[in-house]
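Student: Okay, here's the structure, questions in a sec.
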4 protein chains.
Amino acid sequence: MARSREHFRSILARATCTPAAPIFDPLSARIADMLGWEVCKLSGSVGKFANLAVPDSVPLSNMSDLVDVCWRINRVADVCLIADADEGGGNALNVMRTVQELEAAGVSAIEIEDNLVPRGFGKATSRHSLMVSKEEQVGKLRAAVAARRDPSTVIVARTSALAELPLDEAQDRIRAYSQTGAEAIMLPGVPGGRADIDAAHQATHLPLCVLGLPPDALNDPAFLAANGVSIRFLGQPTYAMAVKAIYDSMKHLKDGGAPEELRDRQAPPELLRAVDRTEELMRWEREYVIE
Amino acid sequence: MARSREHFRSILARATCTPAAPIFDPLSARIADMLGWEVCKLSGSVGKFANLAVPDSVPLSNMSDLVDVCWRINRVADVCLIADADEGGGNALNVMRTVQELEAAGVSAIEIEDNLVPRGFGKATSRHSLMVSKEEQVGKLRAAVAARRDPSTVIVARTSALAELPLDEAQDRIRAYSQTGAEAIMLPGVPGGRADIDAAHQATHLPLCVLGLPPDALNDPAFLAANGVSIRFLGQPTYAMAVKAIYDSMKHLKDGGAPEELRDRQAPPELLRAVDRTEELMRWEREYVIE
Amino acid sequence: MARSREHFRSILARATCTPAAPIFDPLSARIADMLGWEVCKLSGSVGKFANLAVPDSVPLSNMSDLVDVCWRINRVADVCLIADADEGGGNALNVMRTVQELEAAGVSAIEIEDNLVPRGFGKATSRHSLMVSKEEQVGKLRAAVAARRDPSTVIVARTSALAELPLDEAQDRIRAYSQTGAEAIMLPGVPGGRADIDAAHQATHLPLCVLGLPPDALNDPAFLAANGVSIRFLGQPTYAMAVKAIYDSMKHLKDGGAPEELRDRQAPPELLRAVDRTEELMRWEREYVIE
Amino acid sequence: MARSREHFRSILARATCTPAAPIFDPLSARIADMLGWEVCKLSGSVGKFANLAVPDSVPLSNMSDLVDVCWRINRVADVCLIADADEGGGNALNVMRTVQELEAAGVSAIEIEDNLVPRGFGKATSRHSLMVSKEEQVGKLRAAVAARRDPSTVIVARTSALAELPLDEAQDRIRAYSQTGAEAIMLPGVPGGRADIDAAHQATHLPLCVLGLPPDALNDPAFLAANGVSIRFLGQPTYAMAVKAIYDSMKHLKDGGAPEELRDRQAPPELLRAVDRTEELMRWEREYVIE
């Protein structure tokens, strides 16, 4: 884990922007690892959907659920894992427990957001619109930083401010969060595109992690480098494709279709063997098993 | 769980053959449940691949790994779950602990096979070819039956005998296993097709669970009913499709492809919402949340 | 689990009052089981102290933490387990998930209390003094009852009303909770002694579970029977004795004391062997292991 | 975890011998941490007894059980944890998975022993007497070293050789194990006392971890320093005292004794509050919670 965390720090320090694999469970993390992804992002949404069958918009899951998934991911994938810890599970005390448990589960970076999860469906215009005060969030981020047992763990200040607040207030928050010991700023949405990135960058010396930047900005390395955009997230196509594959398969079989008719949509045997590490383990066996 | 177990018993008692959904993790179990599958089968192979990234052919996972997956499945899916417990984790004592823990994890039925898992790659012609003696297996099955805390849990005697032994010995085993308190016979392969089923049925009064029956037999309800074929398994197309979907998605993104280009292969929003039970939970909220 | 739940129902139906063992982890549950205790109570307080080293007075633990402890207890002890689920983890939706997960963990009975856990230290006069409205609690209890997958699971309506509200309001709550499908009333404190029990019993036909009744009442079987006092809890001497034993031992050793000097305070070998079931397992081995 | 591992390395490098707290679960680890113990040792025996109620002499538990306990310990105690991984869960391949999972659970050091666990009761003269060949064990230790993701994790070669083999063979094994990348030698018993330590030290440059050294040797710092005795284990008085306390309490209550009569054997309130970190958390709250 220490090694992953140091590696993650080196990625944050790069002049170029690194994409993060949109994983949701151990299997998707294992496949990301196989394909050479350096960074994996476990979003709160898909983590809840896939592992617990609960929505993200109301607080039906908790921090221990997240910790359990991270721990199972870390067992099978040797990657830098960014965990989306929502609002940290409550107030600053809860944040402290959350950070210590996620660290124990081996994550490299932990996102703490400045919102509250609405208590019920339709209680807020969006999952992110109920914001806590800047002061409270600064306390929570300072608590997160102080709670770490491993100083190489990265606390990421995640903020909906660009979407929810006037620009100057948003910048003010980013500025304040940057003084807490947090070491990256995560922007879960940039409605203003390049202008938002620019505004955020002006307010902080920290690297930015971004979701939802328009393609023209993403394809402009000079812009990204000039604004410290260090990590980008990619939405959740992987989860949605897995669901469709599982659903289609189960529907076909339920309707009496033959398993054989699904052959074209299945992974070939060599891919399946790569997932379960058969060849790698056979090499280990030849090297180490003496009987 | 008690309710699921009673329901599973009613399924075993049917004159018709019921297919089992080939699940491998909580997400696939949730989708099977949504689609109305009554019975889910967690095979040892895909359970290990998906959750641990280890192969099935050598004993790199253990009973606690299986128990953990069953427990997480049971949390999100209200189905009758058949767990493939391989050889039960060791000798009859291990079988007893395995049965009690799988029961505590809420499974309806537990398969115990009469083979040993080869200790290393290439140490046996197949995963199933190293058989324990009939006497030892009878002891293990009796132990499994005695270890249950809930008498409605079904112990399934799984045997490779039809593939590995002369027919009379195979029948002799099936006959002996049927006297142990086990309540179904599972045949993981029927190389002899209808003849194998017929031979097994002659040797036992118990319902049969079958994998690998040729289509002509599967499509002959009279044959299935006459031979007590009660549950059929369907191979693992679901897992292989999920792997391909995840892999293709991750590969596309890793190669710089845009997430948008994957749109056609993604589940639509309404399907995603069904998986995470948004509508169901909104109904519950309207019914029960008073603030 | 079904068997335990049916057994718990028979205990509730008795004319006599049954004490519940004050367990806090798998080891204490195993020892209670050895000693023939029929019912075990996992209080929220000691469950949090022993397993998580967090206090009970602020919400630093969550429902998944509780579920994990119950599940590990259920693996090693074949008893009727009453789980104290605090306020159920949030609103009625949270209660539903809590009930389903605790059921999957094998508990027999689930207590849901009509208070809120204070968000911080000193934010309330006691752990139990922030009460939700009667209407909200009725919704939560109805949700708990509806969420069960196993109709034999008992929902216990726990109320601080006798300590926190005027008597008539307290009775009104007990009356209302008794119409929700909950099947027992738990009184975590009876400041008024016999008078409180009498008042509660007048308000409900349900059996009472009681903590803190004065000795003269506890030793009056006619009184208990006449008032439907079905289960009594005993405080937490067991946890406090375990902590002292562990602490004294660790302190002695840390100060350089010899292990041998602790001999008188250690369990004898035959007791240790009973805890780990050596004799029982040797009998099982003789009966079932054939090699 | 990285910090703990580095700290453990500094302890191994000391000229003096450091005792290890004999913990068995999260509660005992928490209390050891409170008392300032730097190193905690989770022995296989008490880990199985306390968490699973199974004996140590037959393989009824598995590596995942151990990993789970270590993980739960690591959540509540910030100490250097030495995990006794028995024979590593099987052959060298199993050792590799074991090491990776224990690392993910945050342990500092992992003991791998050169014996087999007997398959049944009475199948060997002792838990440790069935030894694997030197060559096989060298392969297993090399595998353990190679499997680490964090190079600061310490692999400890544990050997029963001094008790089971002629002295020259025992020395030969220790010599061979010392060339594998393992970084300490653990001697679970030294029947020959000082002579055994001397013999072991002659065969290796690695620090020794020792159980069962006679008091005169333990109280001779010059001897310990001269022979590289770095860590000493202390038997299991803590577990045996906890069991007696829990048993006595439960027995007293079962026999109808009043809880109050147990007062003298209970931890005082301030000790209980220290265990659950009330004061520490109140300080955190004052520092970080802003509302």
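Identifiers for the structure tokens are assigned positionally: chains receive A, B, ... in sequence, residues are indexed from 1 per chain, and ligands are indexed from 1 in the order shown.
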Pull the strand (DSSP E) assignments for stretch 116-228 of chain B out of DSSP run on the backbone, and list those residues as JSON, numbers by chain.

Tutor: {"B": [154, 155, 156, 157, 158, 184, 185, 186, 187, 208, 209, 210, 211]}

Student: May I ask you to extract the residues of chain A within 7 Å of chain D, using only C-alpha atoms, and to give them as a list of chain:residue names?

Tutor: A:Met1, A:Ala2, A:Arg3, A:Asn74, A:Arg75, A:Asn91, A:Ala92, A:Leu93, A:Glu101, A:Ala104, A:Ala105, A:Gly106, A:Glu135, A:Glu136, A:Gly139, A:Lys140, A:Arg142, A:Ala143, A:Asp150, A:Trp284, A:Glu285, A:Tyr288, A:Val289, A:Ile290, A:Glu291

Student: Show which residues sit within 7 Å of D:Ala240, as number ranges by chain. Count only C-alpha atoms, and ignore same-chain residues fewer than 4 positions away.

Tutor: C: 266-267; D: 236, 244

Student: Skip C:Lys251 itself and residues of its chain fewer than 5 positions away, then list as JSON, numbers by chain all residues within 9 Å of it, counting only C-alpha atoms.

Tutor: {"C": [246, 256, 257], "D": [32, 35]}

Student: Mind writing the picked residues with N, CA, C and O atoms as a PDB file, in the first residue's frame?

Tutor:
ATOM      1  N   ILE C 246      -8.111  -8.489  30.952  1.00  0.00           N
ATOM      2  CA  ILE C 246      -7.145  -8.233  29.870  1.00  0.00           C
ATOM      3  C   ILE C 246      -6.188  -7.127  30.293  1.00  0.00           C
ATOM      4  O   ILE C 246      -4.968  -7.240  30.124  1.00  0.00           O
ATOM      5  N   GLY C 256       6.872  -5.944  33.486  1.00  0.00           N
ATOM      6  CA  GLY C 256       7.942  -6.911  33.683  1.00  0.00           C
ATOM      7  C   GLY C 256       7.581  -8.091  34.557  1.00  0.00           C
ATOM      8  O   GLY C 256       8.438  -8.928  34.869  1.00  0.00           O
ATOM      9  N   GLY C 257       6.303  -8.208  34.946  1.00  0.00           N
ATOM     10  CA  GLY C 257       5.881  -9.348  35.759  1.00  0.00           C
ATOM     11  C   GLY C 257       5.969 -10.648  34.970  1.00  0.00           C
ATOM     12  O   GLY C 257       5.833 -10.653  33.743  1.00  0.00           O
TER      13      GLY C 257
ATOM     14  N   ALA D  32      -3.678  -3.345  24.634  1.00  0.00           N
ATOM     15  CA  ALA D  32      -2.214  -3.352  24.511  1.00  0.00           C
ATOM     16  C   ALA D  32      -1.725  -2.000  23.978  1.00  0.00           C
ATOM     17  O   ALA D  32      -0.745  -1.436  24.469  1.00  0.00           O
ATOM     18  N   LEU D  35      -1.735   0.674  26.572  1.00  0.00           N
ATOM     19  CA  LEU D  35      -0.692   0.501  27.575  1.00  0.00           C
ATOM     20  C   LEU D  35       0.709   0.736  27.014  1.00  0.00           C
ATOM     21  O   LEU D  35       1.697   0.595  27.732  1.00  0.00           O
TER      22      LEU D  35
END

Student: For the structure I just gave you, how does DSSP split stretch 22-110 of chain C - specifically, which residues are helix (DSSP H, G or I)? Reply as a VMD selection string.

Tutor: chain C and resid 26 to 34 44 to 52 63 to 76 92 to 104

Student: Would you put the residues from that selection into a file with N, CA and C atoms, as a compact mmCIF listing (two decimals), in the first residue's frame?

Tutor:
# COMPACT_ATOMS: atom_id res chain seq x y z
N PRO C 26 -17.96 -12.74 19.79
CA PRO C 26 -18.13 -14.19 19.61
C PRO C 26 -17.67 -15.01 20.81
N LEU C 27 -16.56 -14.64 21.43
CA LEU C 27 -16.06 -15.44 22.55
C LEU C 27 -17.07 -15.46 23.70
N SER C 28 -17.61 -14.31 24.06
CA SER C 28 -18.57 -14.29 25.16
C SER C 28 -19.85 -15.03 24.77
N ALA C 29 -20.22 -14.97 23.51
CA ALA C 29 -21.41 -15.71 23.06
C ALA C 29 -21.15 -17.21 23.11
N ARG C 30 -19.95 -17.62 22.72
CA ARG C 30 -19.62 -19.04 22.79
C ARG C 30 -19.69 -19.55 24.23
N ILE C 31 -19.18 -18.76 25.16
CA ILE C 31 -19.19 -19.18 26.56
C ILE C 31 -20.62 -19.20 27.10
N ALA C 32 -21.44 -18.25 26.71
CA ALA C 32 -22.85 -18.26 27.11
C ALA C 32 -23.54 -19.52 26.59
N ASP C 33 -23.25 -19.86 25.35
CA ASP C 33 -23.84 -21.06 24.74
C ASP C 33 -23.42 -22.31 25.52
N MET C 34 -22.13 -22.41 25.84
CA MET C 34 -21.61 -23.54 26.64
C MET C 34 -22.35 -23.70 27.95
N GLY C 44 -25.85 -2.38 22.15
CA GLY C 44 -25.10 -1.49 21.28
C GLY C 44 -23.82 -1.01 21.94
N SER C 45 -23.90 -0.67 23.20
CA SER C 45 -22.74 -0.10 23.89
C SER C 45 -21.55 -1.03 23.84
N VAL C 46 -21.65 -2.20 24.44
CA VAL C 46 -20.49 -3.08 24.52
C VAL C 46 -20.10 -3.65 23.16
N GLY C 47 -21.08 -3.79 22.29
CA GLY C 47 -20.73 -4.20 20.93
C GLY C 47 -19.77 -3.21 20.28
N LYS C 48 -20.04 -1.93 20.49
CA LYS C 48 -19.15 -0.89 19.93
C LYS C 48 -17.82 -0.83 20.67
N PHE C 49 -17.87 -0.90 21.99
CA PHE C 49 -16.62 -0.81 22.76
C PHE C 49 -15.67 -1.94 22.36
N ALA C 50 -16.20 -3.15 22.41
CA ALA C 50 -15.31 -4.32 22.29
C ALA C 50 -14.81 -4.53 20.88
N ASN C 51 -15.65 -4.24 19.90
CA ASN C 51 -15.27 -4.58 18.54
C ASN C 51 -14.67 -3.42 17.77
N LEU C 52 -14.99 -2.19 18.19
CA LEU C 52 -14.56 -1.03 17.42
C LEU C 52 -13.81 0.01 18.24
N MET C 63 -24.57 0.50 11.04
CA MET C 63 -25.30 -0.76 11.04
C MET C 63 -24.48 -1.91 10.49
N SER C 64 -23.59 -1.63 9.54
CA SER C 64 -22.78 -2.73 9.00
C SER C 64 -21.81 -3.27 10.04
N ASP C 65 -21.34 -2.39 10.90
CA ASP C 65 -20.50 -2.85 12.00
C ASP C 65 -21.26 -3.83 12.88
N LEU C 66 -22.49 -3.49 13.20
CA LEU C 66 -23.31 -4.36 14.04
C LEU C 66 -23.59 -5.68 13.34
N VAL C 67 -23.94 -5.58 12.08
CA VAL C 67 -24.24 -6.79 11.32
C VAL C 67 -23.03 -7.74 11.32
N ASP C 68 -21.85 -7.18 11.15
CA ASP C 68 -20.65 -8.01 11.12
C ASP C 68 -20.45 -8.74 12.45
N VAL C 69 -20.66 -8.06 13.55
CA VAL C 69 -20.50 -8.71 14.85
C VAL C 69 -21.54 -9.82 15.02
N CYS C 70 -22.78 -9.52 14.66
CA CYS C 70 -23.85 -10.53 14.80
C CYS C 70 -23.54 -11.77 13.97
N TRP C 71 -23.06 -11.53 12.79
CA TRP C 71 -22.73 -12.63 11.90
C TRP C 71 -21.61 -13.51 12.48
N ARG C 72 -20.61 -12.86 13.05
CA ARG C 72 -19.52 -13.64 13.63
C ARG C 72 -19.95 -14.34 14.92
N ILE C 73 -20.87 -13.76 15.64
CA ILE C 73 -21.43 -14.43 16.82
C ILE C 73 -22.23 -15.65 16.40
N ASN C 74 -23.06 -15.46 15.41
CA ASN C 74 -23.93 -16.53 14.97
C ASN C 74 -23.14 -17.73 14.45
N ARG C 75 -21.94 -17.47 13.93
CA ARG C 75 -21.11 -18.58 13.45
C ARG C 75 -20.68 -19.51 14.57
N VAL C 76 -20.47 -18.98 15.76
CA VAL C 76 -19.89 -19.80 16.82
C VAL C 76 -20.85 -20.13 17.95
N ALA C 92 -36.88 5.36 8.23
CA ALA C 92 -37.53 4.06 8.00
C ALA C 92 -36.88 3.28 6.87
N LEU C 93 -36.35 3.96 5.87
CA LEU C 93 -35.65 3.24 4.80
C LEU C 93 -34.41 2.56 5.34
N ASN C 94 -33.67 3.28 6.18
CA ASN C 94 -32.49 2.67 6.78
C ASN C 94 -32.87 1.48 7.65
N VAL C 95 -33.99 1.64 8.37
CA VAL C 95 -34.45 0.53 9.20
C VAL C 95 -34.68 -0.72 8.35
N MET C 96 -35.23 -0.53 7.17
CA MET C 96 -35.52 -1.69 6.34
C MET C 96 -34.24 -2.42 5.93
N ARG C 97 -33.25 -1.67 5.54
CA ARG C 97 -31.98 -2.33 5.20
C ARG C 97 -31.39 -2.99 6.44
N THR C 98 -31.44 -2.31 7.57
CA THR C 98 -30.88 -2.86 8.80
C THR C 98 -31.54 -4.19 9.16
N VAL C 99 -32.86 -4.22 9.06
CA VAL C 99 -33.57 -5.45 9.41
C VAL C 99 -33.17 -6.59 8.47
N GLN C 100 -33.09 -6.30 7.18
CA GLN C 100 -32.77 -7.37 6.24
C GLN C 100 -31.36 -7.89 6.46
N GLU C 101 -30.44 -6.99 6.77
CA GLU C 101 -29.06 -7.45 6.97
C GLU C 101 -28.91 -8.19 8.30
N LEU C 102 -29.58 -7.72 9.33
CA LEU C 102 -29.48 -8.43 10.61
C LEU C 102 -30.15 -9.80 10.51
N GLU C 103 -31.23 -9.87 9.77
CA GLU C 103 -31.83 -11.18 9.52
C GLU C 103 -30.85 -12.10 8.81
N ALA C 104 -30.20 -11.56 7.79
CA ALA C 104 -29.23 -12.38 7.06
C ALA C 104 -28.09 -12.80 7.97

Student: Would you list the contacts of B:Glu183 as JSON, numbers by chain, taking every protein, DNA or RNA residue within 9 Å and counting only C-alpha atoms, but skipping same-chain residues closer than 2 positions in sequence?

Tutor: {"B": [154, 155, 156, 157, 178, 180, 181, 185, 206, 207]}

Student: So what do you get for atom CA of D:Phe233 versus atom CA of D:Leu211, distance-wise?

Tutor: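 These atoms are spaced 4.9 Å apart.
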
Student: Could you work out how far atom CA of B:Phe8 lies from atom CA of B:Cys80, giving the answer in Å with one decimal?

Tutor: 6.0 Å

Student: So what do you get for atom CA of B:Leu224 versus atom CA of B:Phe24, distance-wise?

Tutor: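 Between these atoms lies a distance of 26.6 Å.
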
Student: List the spatial neighbours of stretch 198-201 of chain A as an MDAnalysis selection string - criterion: any atom at most 7 Å away, only C-alpha atoms, same-chain residues fewer than 4 positions off excluded.

Tutor: chainID A and resid 171 174 194 205 227:228

Student: Take the residues from that selection and write them out as a PDB file, in the first residue's frame, keeping all heavy atoms.

Tutor:
ATOM      1  N   GLN A 171     -14.353  29.850  -5.461  1.00  0.00           N
ATOM      2  CA  GLN A 171     -12.894  30.017  -5.373  1.00  0.00           C
ATOM      3  C   GLN A 171     -12.439  30.160  -3.923  1.00  0.00           C
ATOM      4  O   GLN A 171     -11.399  29.630  -3.534  1.00  0.00           O
ATOM      5  CB  GLN A 171     -12.460  31.239  -6.177  1.00  0.00           C
ATOM      6  CG  GLN A 171     -12.446  30.965  -7.681  1.00  0.00           C
ATOM      7  CD  GLN A 171     -11.913  32.162  -8.441  1.00  0.00           C
ATOM      8  OE1 GLN A 171     -12.438  33.275  -8.288  1.00  0.00           O
ATOM      9  NE2 GLN A 171     -10.879  31.953  -9.244  1.00  0.00           N
ATOM     10  N   ILE A 174     -12.238  26.727  -2.479  1.00  0.00           N
ATOM     11  CA  ILE A 174     -11.081  25.971  -2.985  1.00  0.00           C
ATOM     12  C   ILE A 174      -9.805  26.476  -2.312  1.00  0.00           C
ATOM     13  O   ILE A 174      -8.937  25.688  -1.919  1.00  0.00           O
ATOM     14  CB  ILE A 174     -10.999  26.085  -4.523  1.00  0.00           C
ATOM     15  CG1 ILE A 174     -12.189  25.326  -5.141  1.00  0.00           C
ATOM     16  CG2 ILE A 174      -9.673  25.568  -5.046  1.00  0.00           C
ATOM     17  CD1 ILE A 174     -12.372  25.536  -6.624  1.00  0.00           C
ATOM     18  N   ARG A 194     -13.749  24.973 -19.518  1.00  0.00           N
ATOM     19  CA  ARG A 194     -12.407  25.528 -19.340  1.00  0.00           C
ATOM     20  C   ARG A 194     -12.379  26.677 -18.335  1.00  0.00           C
ATOM     21  O   ARG A 194     -11.426  26.803 -17.564  1.00  0.00           O
ATOM     22  CB  ARG A 194     -11.880  26.060 -20.670  1.00  0.00           C
ATOM     23  CG  ARG A 194     -11.401  24.976 -21.622  1.00  0.00           C
ATOM     24  CD  ARG A 194     -11.043  25.596 -22.982  1.00  0.00           C
ATOM     25  NE  ARG A 194     -10.665  24.568 -23.930  1.00  0.00           N
ATOM     26  CZ  ARG A 194      -9.423  24.415 -24.396  1.00  0.00           C
ATOM     27  NH1 ARG A 194      -8.449  25.235 -24.023  1.00  0.00           N
ATOM     28  NH2 ARG A 194      -9.142  23.444 -25.255  1.00  0.00           N
ATOM     29  N   HIS A 205      -2.868  25.904  -5.529  1.00  0.00           N
ATOM     30  CA  HIS A 205      -1.622  25.356  -6.057  1.00  0.00           C
ATOM     31  C   HIS A 205      -1.714  23.845  -6.176  1.00  0.00           C
ATOM     32  O   HIS A 205      -0.782  23.191  -6.632  1.00  0.00           O
ATOM     33  CB  HIS A 205      -0.480  25.714  -5.090  1.00  0.00           C
ATOM     34  CG  HIS A 205      -0.704  25.117  -3.717  1.00  0.00           C
ATOM     35  ND1 HIS A 205      -1.697  25.561  -2.848  1.00  0.00           N
ATOM     36  CD2 HIS A 205      -0.099  24.097  -3.076  1.00  0.00           C
ATOM     37  CE1 HIS A 205      -1.681  24.849  -1.733  1.00  0.00           C
ATOM     38  NE2 HIS A 205      -0.723  23.961  -1.843  1.00  0.00           N
ATOM     39  N   ASN A 227      -2.990  24.157 -16.205  1.00  0.00           N
ATOM     40  CA  ASN A 227      -3.950  24.320 -15.114  1.00  0.00           C
ATOM     41  C   ASN A 227      -3.864  23.239 -14.043  1.00  0.00           C
ATOM     42  O   ASN A 227      -4.747  23.122 -13.202  1.00  0.00           O
ATOM     43  CB  ASN A 227      -5.371  24.382 -15.691  1.00  0.00           C
ATOM     44  CG  ASN A 227      -5.630  25.701 -16.388  1.00  0.00           C
ATOM     45  OD1 ASN A 227      -5.885  26.701 -15.728  1.00  0.00           O
ATOM     46  ND2 ASN A 227      -5.495  25.719 -17.718  1.00  0.00           N
ATOM     47  N   GLY A 228      -2.812  22.447 -14.118  1.00  0.00           N
ATOM     48  CA  GLY A 228      -2.613  21.452 -13.059  1.00  0.00           C
ATOM     49  C   GLY A 228      -3.660  20.355 -13.034  1.00  0.00           C
ATOM     50  O   GLY A 228      -3.933  19.786 -11.983  1.00  0.00           O
TER      51      GLY A 228
END

Student: Determine, counting only C-alpha atoms, which protein, DNA and RNA residues have an atom within 8 Å of an atom of C:Pro237; residues of the same chain fewer than 4 positions away are not included. Present the result as a PDB file with C-alpha atoms, in the first residue's frame.

Tutor:
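Done, and the output landed in around-v3.pdb:
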ATOM      1  CA  PRO C  22     -24.913  -9.947  28.332  1.00  0.00           C
ATOM      2  CA  MET C 241     -14.767  -8.110  33.891  1.00  0.00           C
TER       3      MET C 241
ATOM      4  CA  SER D 249     -19.400 -13.764  35.178  1.00  0.00           C
ATOM      5  CA  PRO D 259     -24.758  -8.473  38.785  1.00  0.00           C
ATOM      6  CA  LEU D 262     -19.398  -8.916  40.517  1.00  0.00           C
ATOM      7  CA  ARG D 263     -18.450  -5.285  41.058  1.00  0.00           C
ATOM      8  CA  GLN D 266     -15.031  -5.147  36.874  1.00  0.00           C
TER       9      GLN D 266
END

Student: Which of these, A:Ala15, A:Glu280, A:Gly189, A:Leu271, has the shortest distance to A:Ala226 once you count only C-alpha atoms?

Tutor: A:Ala15
